[in-house]
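Q: Next comes final_14.cif, mmCIF, C-alpha atoms:
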```cif
data_data
#
loop_
_atom_site.label_atom_id
_atom_site.label_comp_id
_atom_site.auth_asym_id
_atom_site.auth_seq_id
_atom_site.Cartn_x
_atom_site.Cartn_y
_atom_site.Cartn_z
CA MET A 1 2.04 -9.57 11.49
CA LYS A 2 2.91 -7.39 14.48
CA ALA A 3 2.52 -7.82 18.23
CA PHE A 4 1.35 -5.37 20.87
CA LYS A 5 2.31 -6.38 24.41
CA VAL A 6 -0.60 -5.57 26.70
CA PRO A 7 1.06 -3.61 29.53
CA TRP A 8 -0.81 -5.26 32.42
CA LEU A 9 -1.06 -8.80 30.97
CA ALA A 10 1.39 -11.49 29.94
CA ALA A 11 -0.26 -11.48 26.51
CA ASN A 12 0.24 -10.12 23.01
CA LEU A 13 -2.44 -8.63 20.80
CA MET A 14 -1.62 -9.49 17.18
CA TYR A 15 -2.41 -7.22 14.24
CA HIS A 16 -1.71 -6.35 10.62
CA ASP A 17 -0.82 -2.72 9.90
CA MET A 18 -1.37 -2.03 6.20
CA GLN A 19 0.46 1.24 5.67
CA GLY A 20 -1.11 4.07 3.73
CA ASP A 21 -2.24 7.66 3.89
CA GLY A 22 -5.08 9.45 5.59
CA THR A 23 -6.88 8.70 8.83
CA PRO A 24 -6.08 5.14 9.98
CA ILE A 25 -9.03 2.75 9.86
CA ILE A 26 -9.12 0.08 12.57
CA LEU A 27 -11.27 -3.00 11.89
CA ILE A 28 -12.66 -5.03 14.81
CA HIS A 29 -14.17 -8.47 14.24
CA GLY A 30 -17.18 -10.15 15.80
CA LEU A 31 -17.65 -13.12 18.12
CA GLY A 32 -15.71 -16.23 17.13
CA CYS A 33 -14.12 -14.42 14.21
CA ALA A 34 -10.73 -12.81 13.58
CA SER A 35 -9.81 -9.70 11.63
CA SER A 36 -6.87 -11.60 10.12
CA CYS A 37 -9.47 -13.94 8.59
CA ASP A 38 -12.34 -11.55 7.87
CA TYR A 39 -10.79 -8.42 6.44
CA PRO A 40 -7.79 -9.01 4.12
CA ALA A 41 -10.03 -8.99 1.03
CA VAL A 42 -11.86 -5.91 2.33
CA ALA A 43 -8.69 -3.97 3.12
CA SER A 44 -7.09 -4.83 -0.24
CA ASP A 45 -10.13 -3.82 -2.29
CA PRO A 46 -9.30 -1.14 -4.90
CA CYS A 47 -11.56 1.43 -3.25
CA LEU A 48 -9.51 1.27 -0.03
CA VAL A 49 -6.03 0.76 -1.46
CA GLY A 50 -3.64 3.46 -0.30
CA LYS A 51 -5.33 3.95 3.09
CA ARG A 52 -3.76 2.86 6.35
CA ILE A 53 -5.86 -0.03 7.64
CA ILE A 54 -5.21 -1.98 10.84
CA LEU A 55 -6.67 -5.47 11.29
CA VAL A 56 -6.65 -6.46 14.95
CA ASP A 57 -7.40 -9.91 16.40
CA LEU A 58 -9.02 -9.57 19.81
CA LEU A 59 -7.45 -11.47 22.68
CA GLY A 60 -8.71 -15.04 22.65
CA SER A 61 -9.22 -15.08 18.87
CA GLY A 62 -7.25 -15.46 15.67
CA PHE A 63 -3.50 -15.12 16.16
CA SER A 64 -3.73 -13.19 19.43
CA GLU A 65 -2.89 -14.83 22.72
CA ARG A 66 -5.45 -16.34 25.08
CA PRO A 67 -4.66 -15.49 28.72
CA ILE A 68 -6.88 -17.58 30.98
CA GLU A 69 -6.99 -14.83 33.61
CA PHE A 70 -8.46 -12.25 31.20
CA ALA A 71 -12.19 -11.51 31.62
CA TYR A 72 -12.99 -11.15 27.87
CA THR A 73 -15.86 -8.76 28.64
CA ILE A 74 -16.69 -5.85 26.36
CA GLU A 75 -15.20 -3.52 28.97
CA GLU A 76 -11.90 -5.42 29.18
CA HIS A 77 -11.56 -5.74 25.40
CA THR A 78 -12.19 -1.98 25.26
CA LYS A 79 -9.44 -1.28 27.78
CA VAL A 80 -6.96 -3.34 25.73
CA LEU A 81 -7.96 -1.75 22.43
CA ALA A 82 -7.78 1.78 23.81
CA SER A 83 -4.25 1.10 25.04
CA PHE A 84 -3.31 -0.48 21.71
CA ILE A 85 -4.70 2.38 19.62
CA SER A 86 -2.98 4.98 21.77
CA GLU A 87 0.31 3.17 21.23
CA VAL A 88 0.18 2.52 17.47
CA CYS A 89 -1.69 5.63 16.25
CA SER A 90 -0.53 9.07 17.27
CA GLU A 91 -3.13 10.67 14.99
CA PRO A 92 -6.95 10.55 15.03
CA ILE A 93 -8.56 7.32 13.80
CA SER A 94 -11.74 5.83 12.33
CA LEU A 95 -13.25 2.70 13.88
CA PHE A 96 -15.27 -0.14 12.38
CA GLY A 97 -16.72 -2.98 14.45
CA HIS A 98 -18.86 -5.90 13.34
CA SER A 99 -21.52 -7.54 15.53
CA MET A 100 -19.96 -7.95 19.01
CA GLY A 101 -17.07 -5.90 17.66
CA GLY A 102 -19.61 -3.12 17.14
CA ALA A 103 -20.30 -2.94 20.87
CA ILE A 104 -16.54 -2.94 21.49
CA ALA A 105 -16.04 -0.17 18.91
CA ILE A 106 -18.73 1.97 20.55
CA ALA A 107 -17.20 1.53 24.01
CA THR A 108 -13.70 2.18 22.66
CA ALA A 109 -14.79 5.35 20.88
CA ALA A 110 -16.42 6.58 24.07
CA GLN A 111 -13.23 5.92 26.03
CA LEU A 112 -10.91 7.54 23.47
CA GLY A 113 -13.08 10.61 23.01
CA GLY A 114 -11.87 13.06 20.36
CA LYS A 115 -9.25 10.66 19.02
CA VAL A 116 -12.03 8.84 17.12
CA ARG A 117 -13.20 10.98 14.21
CA ARG A 118 -15.72 8.58 12.62
CA ILE A 119 -17.31 5.27 13.54
CA ALA A 120 -18.99 2.63 11.36
CA LEU A 121 -20.70 -0.49 12.65
CA GLY A 122 -21.73 -3.67 10.87
CA GLU A 123 -25.03 -4.93 12.33
CA PRO A 124 -23.78 -4.23 15.87
CA ASN A 125 -24.98 -5.44 19.25
CA LEU A 126 -26.60 -2.33 20.72
CA ASP A 127 -28.72 -3.71 23.57
CA ALA A 128 -28.49 -6.25 26.37
CA GLY A 129 -30.05 -9.69 25.95
CA GLY A 130 -28.24 -10.98 22.88
CA GLY A 131 -29.83 -13.12 20.19
CA VAL A 132 -30.91 -16.76 20.19
CA PHE A 133 -27.36 -17.92 19.52
CA SER A 134 -25.83 -15.82 22.31
CA LYS A 135 -28.53 -16.84 24.79
CA GLN A 136 -27.87 -20.51 24.10
CA ILE A 137 -24.19 -20.17 24.91
CA ALA A 138 -24.78 -17.93 27.93
CA SER A 139 -27.31 -20.42 29.33
CA MET A 140 -24.48 -22.95 29.76
CA THR A 141 -21.89 -22.75 32.48
CA GLU A 142 -18.41 -21.84 31.33
CA HIS A 143 -17.25 -25.34 32.26
CA ASP A 144 -19.95 -27.03 30.17
CA TYR A 145 -19.34 -24.74 27.21
CA VAL A 146 -15.60 -25.39 27.32
CA MET A 147 -16.04 -29.15 27.70
CA ARG A 148 -18.68 -29.75 25.04
CA GLY A 149 -20.57 -26.64 23.89
CA HIS A 150 -17.74 -25.03 21.98
CA GLN A 151 -17.04 -28.02 19.78
CA GLU A 152 -20.76 -28.70 19.33
CA THR A 153 -21.31 -25.12 18.20
CA ALA A 154 -18.49 -25.35 15.66
CA ASN A 155 -19.72 -28.73 14.42
CA ASN A 156 -23.26 -27.43 13.97
CA ALA A 157 -22.02 -24.38 12.07
CA ARG A 158 -19.93 -26.59 9.79
CA ALA A 159 -22.87 -28.93 9.17
CA ASN A 160 -25.00 -25.93 8.20
CA GLY A 161 -22.43 -24.80 5.63
CA ASN A 162 -20.92 -22.00 7.70
CA VAL A 163 -17.42 -23.41 7.26
CA ILE A 164 -15.42 -20.19 7.63
CA TRP A 165 -17.03 -19.26 10.92
CA ALA A 166 -16.79 -22.84 12.21
CA SER A 167 -13.07 -22.86 11.47
CA SER A 168 -12.51 -19.43 13.00
CA LEU A 169 -14.55 -20.33 16.08
CA SER A 170 -12.61 -23.56 16.56
CA ARG A 171 -9.40 -21.54 16.82
CA SER A 172 -10.85 -19.20 19.43
CA ALA A 173 -10.45 -19.98 23.12
CA ALA A 174 -13.69 -21.53 24.36
CA TYR A 175 -13.58 -19.64 27.67
CA ALA A 176 -13.07 -16.38 25.74
CA ILE A 177 -16.20 -17.03 23.67
CA HIS A 178 -18.31 -17.87 26.72
CA ARG A 179 -17.15 -14.83 28.67
CA GLY A 180 -17.66 -12.55 25.68
CA VAL A 181 -21.18 -13.85 25.08
CA SER A 182 -22.05 -13.51 28.77
CA SER A 183 -20.92 -9.88 28.63
CA LEU A 184 -23.07 -9.23 25.54
CA VAL A 185 -26.14 -10.73 27.18
CA ALA A 186 -25.56 -8.72 30.37
CA GLY A 187 -25.26 -5.48 28.41
CA SER A 188 -23.87 -2.15 29.53
CA THR A 189 -24.97 0.90 31.50
CA PRO A 190 -25.52 3.17 29.68
CA SER A 191 -26.44 0.88 26.81
CA TRP A 192 -24.24 0.76 23.72
CA ARG A 193 -27.23 2.13 21.83
CA LYS A 194 -27.52 5.19 24.08
CA THR A 195 -23.76 5.76 23.90
CA LEU A 196 -23.88 5.59 20.09
CA TYR A 197 -26.84 7.96 19.84
CA GLU A 198 -25.06 10.54 22.01
CA MET A 199 -21.81 10.52 20.02
CA MET A 200 -21.21 13.82 18.25
CA ILE A 201 -19.16 12.34 15.41
CA PRO A 202 -20.20 10.99 11.99
CA LYS A 203 -21.61 7.51 12.58
CA THR A 204 -22.79 4.89 10.12
CA VAL A 205 -24.46 1.52 10.57
CA ILE A 206 -23.98 -1.01 7.78
CA PHE A 207 -26.52 -3.75 7.03
CA GLY A 208 -26.34 -6.74 4.74
CA ALA A 209 -29.24 -6.63 2.27
CA ARG A 210 -30.28 -10.13 3.32
CA SER A 211 -30.68 -8.91 6.91
CA LEU A 212 -33.41 -6.47 5.91
CA PRO A 213 -36.04 -5.58 6.91
CA ASN A 214 -34.57 -4.63 10.28
CA ALA A 215 -36.39 -2.60 12.93
CA ASP A 216 -33.28 -0.48 13.51
CA PHE A 217 -32.94 0.61 9.90
CA GLU A 218 -35.26 3.63 10.26
CA SER A 219 -34.75 4.39 13.96
CA LEU A 220 -30.98 4.65 13.64
CA GLN A 221 -31.38 7.34 10.99
CA TYR A 222 -33.73 9.25 13.31
CA TYR A 223 -30.93 9.35 15.88
CA GLY A 224 -28.35 10.73 13.48
CA CYS A 225 -26.79 7.55 12.09
CA SER A 226 -26.25 7.20 8.38
CA VAL A 227 -26.98 3.75 6.94
CA GLU A 228 -25.27 1.74 4.23
CA VAL A 229 -26.48 -1.52 2.67
CA VAL A 230 -24.14 -4.20 1.33
CA ALA A 231 -25.80 -5.99 -1.59
CA GLU A 232 -25.82 -9.79 -1.78
CA ALA A 233 -24.77 -10.10 1.85
CA GLY A 234 -26.20 -11.11 5.18
CA HIS A 235 -24.75 -10.65 8.65
CA SER A 236 -21.39 -12.08 7.51
CA MET A 237 -20.89 -9.27 5.03
CA ALA A 238 -17.07 -9.45 5.01
CA TRP A 239 -17.31 -12.99 3.64
CA ASP A 240 -20.45 -12.60 1.53
CA ASN A 241 -19.38 -9.46 -0.33
CA PRO A 242 -16.00 -8.04 0.73
CA SER A 243 -15.96 -5.50 -2.10
CA GLY A 244 -19.41 -4.29 -1.08
CA LEU A 245 -18.28 -3.87 2.52
CA ALA A 246 -15.15 -2.02 1.35
CA THR A 247 -17.36 0.39 -0.61
CA ALA A 248 -19.59 0.94 2.43
CA LEU A 249 -16.52 1.68 4.56
CA ARG A 250 -15.19 4.12 1.99
CA ASN A 251 -18.56 5.91 2.01
CA SER A 252 -18.67 5.88 5.82
CA PHE A 253 -15.20 7.35 6.26
CA SER A 254 -15.15 9.88 3.40
#
```
Rewrite the structure from the file as structure tokens, please.
A:
Amino acid sequence: MKAFKVPWLAANLMYHDMQGDGTPIILIHGLGCASSCDYPAVASDPCLVGKRIILVDLLGSGFSERPIEFAYTIEEHTKVLASFISEVCSEPISLFGHSMGGAIAIATAAQLGGKVRRIALGEPNLDAGGGVFSKQIASMTEHDYVMRGHQETANNARANGNVIWASSLSRSAAYAIHRGVSSLVAGSTPSWRKTLYEMMIPKTVIFGARSLPNADFESLQYYGCSVEVVAEAGHSMAWDNPSGLATALRNSFS
């Protein structure tokens, strides 16, 4: 694993850089997850072998550091990632972001401009408001979430059989999760959806088959987004069917 020292923070962003040829592909995880947990099986799939793939753990998650003074908003994660990408990739890149990481990928692509050649998103957050899960967390104060909500959320996930996410969430900083969720619920101006629609680069949105039907499936295509479907997978497509996600990424970035 490698470390990127964030220039304006006393914190290191940790990442795996799997060397290969072609346009580098940077994979960004979702809320309570970590790329070091989610994507090794995806990146090592035969259909992606030989490509340069970078797995980055966002600050507050996985192996990355957890500065208490960091805001953990979509905007601040974007600022860190843009700095990181500019440092480790001199050439153009492709971006993939899952769920909350999708919103971060959209914002990062907008900030980096022509450096991002293609973008793919796995069931991304595109609008303000969040889902039921996000609203529950955001309805708590940060103090209450840190003191009891974080562990309760992990315990409930574990009890419902979502062991991988429960374990990954438990290793994330509770204040980072709460601040990230609050940023998702608050949304962005312009919205991540509008920003995505206006991008003049190849863009793909990937759905798990178990997540369909989805109201966005048709509308995204109307606005110039290609769609891919990962068989035998739901929202957690990297865990449900890593080979299927790898194939969807290959198709998205070809």
Q: So which one's closest to Gly102 in chain A, A:Glu65, A:Glu75, A:Asp38, A:Glu123? Using all atoms listed in the file, please.
A: A:Glu123
Q: Show which residues sit within 12 Å of Ala174 in chain A, as a PDB file with C-alpha atoms, in the frame of the given file. Count all atoms listed in the file, and ignore same-chain residues fewer than 6 positions away.
A:
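Wrote it out as result.pdb, contents follow:
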```
ATOM      1  CA  LEU A  31     -17.650 -13.120  18.120  1.00  0.00           C
ATOM      2  CA  GLY A  32     -15.710 -16.230  17.130  1.00  0.00           C
ATOM      3  CA  LEU A  59      -7.450 -11.470  22.680  1.00  0.00           C
ATOM      4  CA  GLY A  60      -8.710 -15.040  22.650  1.00  0.00           C
ATOM      5  CA  SER A  61      -9.220 -15.080  18.870  1.00  0.00           C
ATOM      6  CA  ARG A  66      -5.450 -16.340  25.080  1.00  0.00           C
ATOM      7  CA  PRO A  67      -4.660 -15.490  28.720  1.00  0.00           C
ATOM      8  CA  ILE A  68      -6.880 -17.580  30.980  1.00  0.00           C
ATOM      9  CA  TYR A  72     -12.990 -11.150  27.870  1.00  0.00           C
ATOM     10  CA  ILE A 137     -24.190 -20.170  24.910  1.00  0.00           C
ATOM     11  CA  THR A 141     -21.890 -22.750  32.480  1.00  0.00           C
ATOM     12  CA  GLU A 142     -18.410 -21.840  31.330  1.00  0.00           C
ATOM     13  CA  HIS A 143     -17.250 -25.340  32.260  1.00  0.00           C
ATOM     14  CA  ASP A 144     -19.950 -27.030  30.170  1.00  0.00           C
ATOM     15  CA  TYR A 145     -19.340 -24.740  27.210  1.00  0.00           C
ATOM     16  CA  VAL A 146     -15.600 -25.390  27.320  1.00  0.00           C
ATOM     17  CA  MET A 147     -16.040 -29.150  27.700  1.00  0.00           C
ATOM     18  CA  ARG A 148     -18.680 -29.750  25.040  1.00  0.00           C
ATOM     19  CA  GLY A 149     -20.570 -26.640  23.890  1.00  0.00           C
ATOM     20  CA  HIS A 150     -17.740 -25.030  21.980  1.00  0.00           C
ATOM     21  CA  GLN A 151     -17.040 -28.020  19.780  1.00  0.00           C
ATOM     22  CA  GLU A 152     -20.760 -28.700  19.330  1.00  0.00           C
ATOM     23  CA  THR A 153     -21.310 -25.120  18.200  1.00  0.00           C
ATOM     24  CA  ALA A 154     -18.490 -25.350  15.660  1.00  0.00           C
ATOM     25  CA  SER A 168     -12.510 -19.430  13.000  1.00  0.00           C
ATOM     26  CA  GLY A 180     -17.660 -12.550  25.680  1.00  0.00           C
ATOM     27  CA  VAL A 181     -21.180 -13.850  25.080  1.00  0.00           C
TER      28      VAL A 181
END
```
Q: For each of A:Ala248, A:Ala128, A:Leu48, A:Ala209, take the minimum atom-to-atom distance to Ser188 in chain A, counting only C-alpha atoms, then give the residue where this is smallest.
A: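 With only C-alpha atoms as the atom set, the closest residue is A:Ala128.
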Q: Using all atoms listed in the file for the distances, tell me which of A:Val6, A:Leu58, A:Met200, A:Leu245 is nearest to Cys33 in chain A.
A: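 Using all atoms listed in the file, the shortest distance to Cys33 in chain A belongs to A:Leu58.
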Q: In Å, rounded to a single decimal, give me how far CA of Arg179 in chain A is from CA of Ala215 in chain A.
A: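 Those two atoms sit 27.7 Å apart.
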Q: Between CA of Asp17 in chain A and CA of Pro40 in chain A, what distance in Å does the model show, to one decimal?
A: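 Going from CA of Asp17 in chain A over to CA of Pro40 in chain A covers 11.0 Å.
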Q: At the level of N, CA and C atoms, write range 196-239 of chain A to a file as a PDB file, in the first residue's frame, please.
A:
```pdb
ATOM      1  N   LEU A 196     -23.552  15.661 -14.085  1.00  0.00           N
ATOM      2  CA  LEU A 196     -23.332  14.462 -14.896  1.00  0.00           C
ATOM      3  C   LEU A 196     -23.927  14.630 -16.283  1.00  0.00           C
ATOM      4  N   TYR A 197     -25.169  15.089 -16.359  1.00  0.00           N
ATOM      5  CA  TYR A 197     -25.831  15.224 -17.651  1.00  0.00           C
ATOM      6  C   TYR A 197     -25.064  16.163 -18.580  1.00  0.00           C
ATOM      7  N   GLU A 198     -24.415  17.175 -18.028  1.00  0.00           N
ATOM      8  CA  GLU A 198     -23.743  18.178 -18.847  1.00  0.00           C
ATOM      9  C   GLU A 198     -22.319  17.791 -19.236  1.00  0.00           C
ATOM     10  N   MET A 199     -21.807  16.685 -18.691  1.00  0.00           N
ATOM     11  CA  MET A 199     -20.454  16.256 -19.033  1.00  0.00           C
ATOM     12  C   MET A 199     -20.391  15.781 -20.484  1.00  0.00           C
ATOM     13  N   MET A 200     -19.381  16.252 -21.193  1.00  0.00           N
ATOM     14  CA  MET A 200     -19.229  15.895 -22.608  1.00  0.00           C
ATOM     15  C   MET A 200     -18.159  14.812 -22.763  1.00  0.00           C
ATOM     16  N   ILE A 201     -18.236  13.796 -21.919  1.00  0.00           N
ATOM     17  CA  ILE A 201     -17.338  12.647 -22.006  1.00  0.00           C
ATOM     18  C   ILE A 201     -18.197  11.382 -21.966  1.00  0.00           C
ATOM     19  N   PRO A 202     -17.665  10.243 -22.416  1.00  0.00           N
ATOM     20  CA  PRO A 202     -18.433   8.997 -22.282  1.00  0.00           C
ATOM     21  C   PRO A 202     -18.738   8.713 -20.819  1.00  0.00           C
ATOM     22  N   LYS A 203     -20.000   8.434 -20.530  1.00  0.00           N
ATOM     23  CA  LYS A 203     -20.435   8.231 -19.145  1.00  0.00           C
ATOM     24  C   LYS A 203     -21.372   7.032 -19.084  1.00  0.00           C
ATOM     25  N   THR A 204     -21.172   6.209 -18.084  1.00  0.00           N
ATOM     26  CA  THR A 204     -21.936   4.978 -17.929  1.00  0.00           C
ATOM     27  C   THR A 204     -22.425   4.876 -16.500  1.00  0.00           C
ATOM     28  N   VAL A 205     -23.639   4.415 -16.327  1.00  0.00           N
ATOM     29  CA  VAL A 205     -24.173   4.125 -14.992  1.00  0.00           C
ATOM     30  C   VAL A 205     -24.444   2.626 -14.920  1.00  0.00           C
ATOM     31  N   ILE A 206     -23.936   2.016 -13.871  1.00  0.00           N
ATOM     32  CA  ILE A 206     -24.003   0.563 -13.699  1.00  0.00           C
ATOM     33  C   ILE A 206     -25.007   0.232 -12.602  1.00  0.00           C
ATOM     34  N   PHE A 207     -25.924  -0.686 -12.911  1.00  0.00           N
ATOM     35  CA  PHE A 207     -26.928  -1.133 -11.949  1.00  0.00           C
ATOM     36  C   PHE A 207     -26.720  -2.610 -11.636  1.00  0.00           C
ATOM     37  N   GLY A 208     -27.014  -3.000 -10.408  1.00  0.00           N
ATOM     38  CA  GLY A 208     -27.154  -4.410 -10.095  1.00  0.00           C
ATOM     39  C   GLY A 208     -28.522  -4.873 -10.554  1.00  0.00           C
ATOM     40  N   ALA A 209     -28.605  -6.075 -11.114  1.00  0.00           N
ATOM     41  CA  ALA A 209     -29.881  -6.567 -11.644  1.00  0.00           C
ATOM     42  C   ALA A 209     -30.967  -6.605 -10.571  1.00  0.00           C
ATOM     43  N   ARG A 210     -30.557  -6.862  -9.332  1.00  0.00           N
ATOM     44  CA  ARG A 210     -31.546  -6.930  -8.248  1.00  0.00           C
ATOM     45  C   ARG A 210     -32.082  -5.554  -7.854  1.00  0.00           C
ATOM     46  N   SER A 211     -31.435  -4.495  -8.328  1.00  0.00           N
ATOM     47  CA  SER A 211     -31.892  -3.140  -8.033  1.00  0.00           C
ATOM     48  C   SER A 211     -32.929  -2.656  -9.038  1.00  0.00           C
ATOM     49  N   LEU A 212     -33.159  -3.432 -10.080  1.00  0.00           N
ATOM     50  CA  LEU A 212     -34.121  -3.047 -11.105  1.00  0.00           C
ATOM     51  C   LEU A 212     -35.494  -3.632 -10.790  1.00  0.00           C
ATOM     52  N   PRO A 213     -36.590  -2.941 -11.183  1.00  0.00           N
ATOM     53  CA  PRO A 213     -36.604  -1.713 -11.981  1.00  0.00           C
ATOM     54  C   PRO A 213     -36.173  -0.491 -11.174  1.00  0.00           C
ATOM     55  N   ASN A 214     -35.611   0.486 -11.871  1.00  0.00           N
ATOM     56  CA  ASN A 214     -35.154   1.724 -11.281  1.00  0.00           C
ATOM     57  C   ASN A 214     -35.591   2.860 -12.196  1.00  0.00           C
ATOM     58  N   ALA A 215     -36.173   3.894 -11.618  1.00  0.00           N
ATOM     59  CA  ALA A 215     -36.719   4.993 -12.419  1.00  0.00           C
ATOM     60  C   ALA A 215     -35.656   5.677 -13.265  1.00  0.00           C
ATOM     61  N   ASP A 216     -34.397   5.614 -12.829  1.00  0.00           N
ATOM     62  CA  ASP A 216     -33.327   6.279 -13.570  1.00  0.00           C
ATOM     63  C   ASP A 216     -32.849   5.491 -14.785  1.00  0.00           C
ATOM     64  N   PHE A 217     -33.221   4.230 -14.866  1.00  0.00           N
ATOM     65  CA  PHE A 217     -32.646   3.366 -15.897  1.00  0.00           C
ATOM     66  C   PHE A 217     -32.889   3.929 -17.294  1.00  0.00           C
ATOM     67  N   GLU A 218     -34.096   4.386 -17.572  1.00  0.00           N
ATOM     68  CA  GLU A 218     -34.430   4.932 -18.893  1.00  0.00           C
ATOM     69  C   GLU A 218     -34.000   6.388 -19.004  1.00  0.00           C
ATOM     70  N   SER A 219     -34.238   7.195 -17.967  1.00  0.00           N
ATOM     71  CA  SER A 219     -33.967   8.624 -18.069  1.00  0.00           C
ATOM     72  C   SER A 219     -32.485   8.916 -18.247  1.00  0.00           C
ATOM     73  N   LEU A 220     -31.632   8.123 -17.618  1.00  0.00           N
ATOM     74  CA  LEU A 220     -30.196   8.334 -17.773  1.00  0.00           C
ATOM     75  C   LEU A 220     -29.767   8.149 -19.230  1.00  0.00           C
ATOM     76  N   GLN A 221     -30.357   7.179 -19.897  1.00  0.00           N
ATOM     77  CA  GLN A 221     -30.019   6.948 -21.302  1.00  0.00           C
ATOM     78  C   GLN A 221     -30.474   8.121 -22.170  1.00  0.00           C
ATOM     79  N   TYR A 222     -31.607   8.712 -21.811  1.00  0.00           N
ATOM     80  CA  TYR A 222     -32.106   9.878 -22.543  1.00  0.00           C
ATOM     81  C   TYR A 222     -31.112  11.033 -22.476  1.00  0.00           C
ATOM     82  N   TYR A 223     -30.410  11.132 -21.353  1.00  0.00           N
ATOM     83  CA  TYR A 223     -29.450  12.223 -21.158  1.00  0.00           C
ATOM     84  C   TYR A 223     -28.016  11.813 -21.509  1.00  0.00           C
ATOM     85  N   GLY A 224     -27.869  10.786 -22.309  1.00  0.00           N
ATOM     86  CA  GLY A 224     -26.572  10.478 -22.882  1.00  0.00           C
ATOM     87  C   GLY A 224     -25.707   9.526 -22.085  1.00  0.00           C
ATOM     88  N   CYS A 225     -26.273   8.890 -21.058  1.00  0.00           N
ATOM     89  CA  CYS A 225     -25.508   7.922 -20.276  1.00  0.00           C
ATOM     90  C   CYS A 225     -25.767   6.521 -20.796  1.00  0.00           C
ATOM     91  N   SER A 226     -24.712   5.774 -21.024  1.00  0.00           N
ATOM     92  CA  SER A 226     -24.873   4.353 -21.293  1.00  0.00           C
ATOM     93  C   SER A 226     -25.208   3.650 -19.979  1.00  0.00           C
ATOM     94  N   VAL A 227     -25.810   2.474 -20.065  1.00  0.00           N
ATOM     95  CA  VAL A 227     -26.109   1.714 -18.856  1.00  0.00           C
ATOM     96  C   VAL A 227     -25.555   0.304 -18.993  1.00  0.00           C
ATOM     97  N   GLU A 228     -25.112  -0.229 -17.887  1.00  0.00           N
ATOM     98  CA  GLU A 228     -24.649  -1.611 -17.782  1.00  0.00           C
ATOM     99  C   GLU A 228     -25.389  -2.249 -16.613  1.00  0.00           C
ATOM    100  N   VAL A 229     -25.640  -3.550 -16.710  1.00  0.00           N
ATOM    101  CA  VAL A 229     -26.323  -4.288 -15.643  1.00  0.00           C
ATOM    102  C   VAL A 229     -25.436  -5.442 -15.203  1.00  0.00           C
ATOM    103  N   VAL A 230     -25.196  -5.527 -13.906  1.00  0.00           N
ATOM    104  CA  VAL A 230     -24.411  -6.618 -13.331  1.00  0.00           C
ATOM    105  C   VAL A 230     -25.379  -7.694 -12.853  1.00  0.00           C
ATOM    106  N   ALA A 231     -25.321  -8.853 -13.473  1.00  0.00           N
ATOM    107  CA  ALA A 231     -26.219  -9.957 -13.119  1.00  0.00           C
ATOM    108  C   ALA A 231     -25.956 -10.437 -11.690  1.00  0.00           C
ATOM    109  N   GLU A 232     -26.981 -10.984 -11.073  1.00  0.00           N
ATOM    110  CA  GLU A 232     -26.875 -11.611  -9.755  1.00  0.00           C
ATOM    111  C   GLU A 232     -26.228 -10.674  -8.730  1.00  0.00           C
ATOM    112  N   ALA A 233     -26.611  -9.402  -8.804  1.00  0.00           N
ATOM    113  CA  ALA A 233     -26.048  -8.408  -7.892  1.00  0.00           C
ATOM    114  C   ALA A 233     -27.108  -7.380  -7.548  1.00  0.00           C
ATOM    115  N   GLY A 234     -26.980  -6.833  -6.341  1.00  0.00           N
ATOM    116  CA  GLY A 234     -27.782  -5.698  -5.940  1.00  0.00           C
ATOM    117  C   GLY A 234     -26.902  -4.472  -5.868  1.00  0.00           C
ATOM    118  N   HIS A 235     -27.198  -3.598  -4.890  1.00  0.00           N
ATOM    119  CA  HIS A 235     -26.427  -2.362  -4.758  1.00  0.00           C
ATOM    120  C   HIS A 235     -24.955  -2.657  -4.471  1.00  0.00           C
ATOM    121  N   SER A 236     -24.698  -3.701  -3.695  1.00  0.00           N
ATOM    122  CA  SER A 236     -23.308  -4.049  -3.326  1.00  0.00           C
ATOM    123  C   SER A 236     -22.687  -4.937  -4.393  1.00  0.00           C
ATOM    124  N   MET A 237     -22.611  -4.433  -5.591  1.00  0.00           N
ATOM    125  CA  MET A 237     -22.231  -5.254  -6.745  1.00  0.00           C
ATOM    126  C   MET A 237     -20.790  -5.750  -6.677  1.00  0.00           C
ATOM    127  N   ALA A 238     -19.896  -5.001  -6.027  1.00  0.00           N
ATOM    128  CA  ALA A 238     -18.504  -5.443  -5.930  1.00  0.00           C
ATOM    129  C   ALA A 238     -18.375  -6.697  -5.083  1.00  0.00           C
ATOM    130  N   TRP A 239     -19.284  -6.876  -4.140  1.00  0.00           N
ATOM    131  CA  TRP A 239     -19.271  -8.076  -3.291  1.00  0.00           C
ATOM    132  C   TRP A 239     -20.130  -9.182  -3.883  1.00  0.00           C
TER     133      TRP A 239
END
```
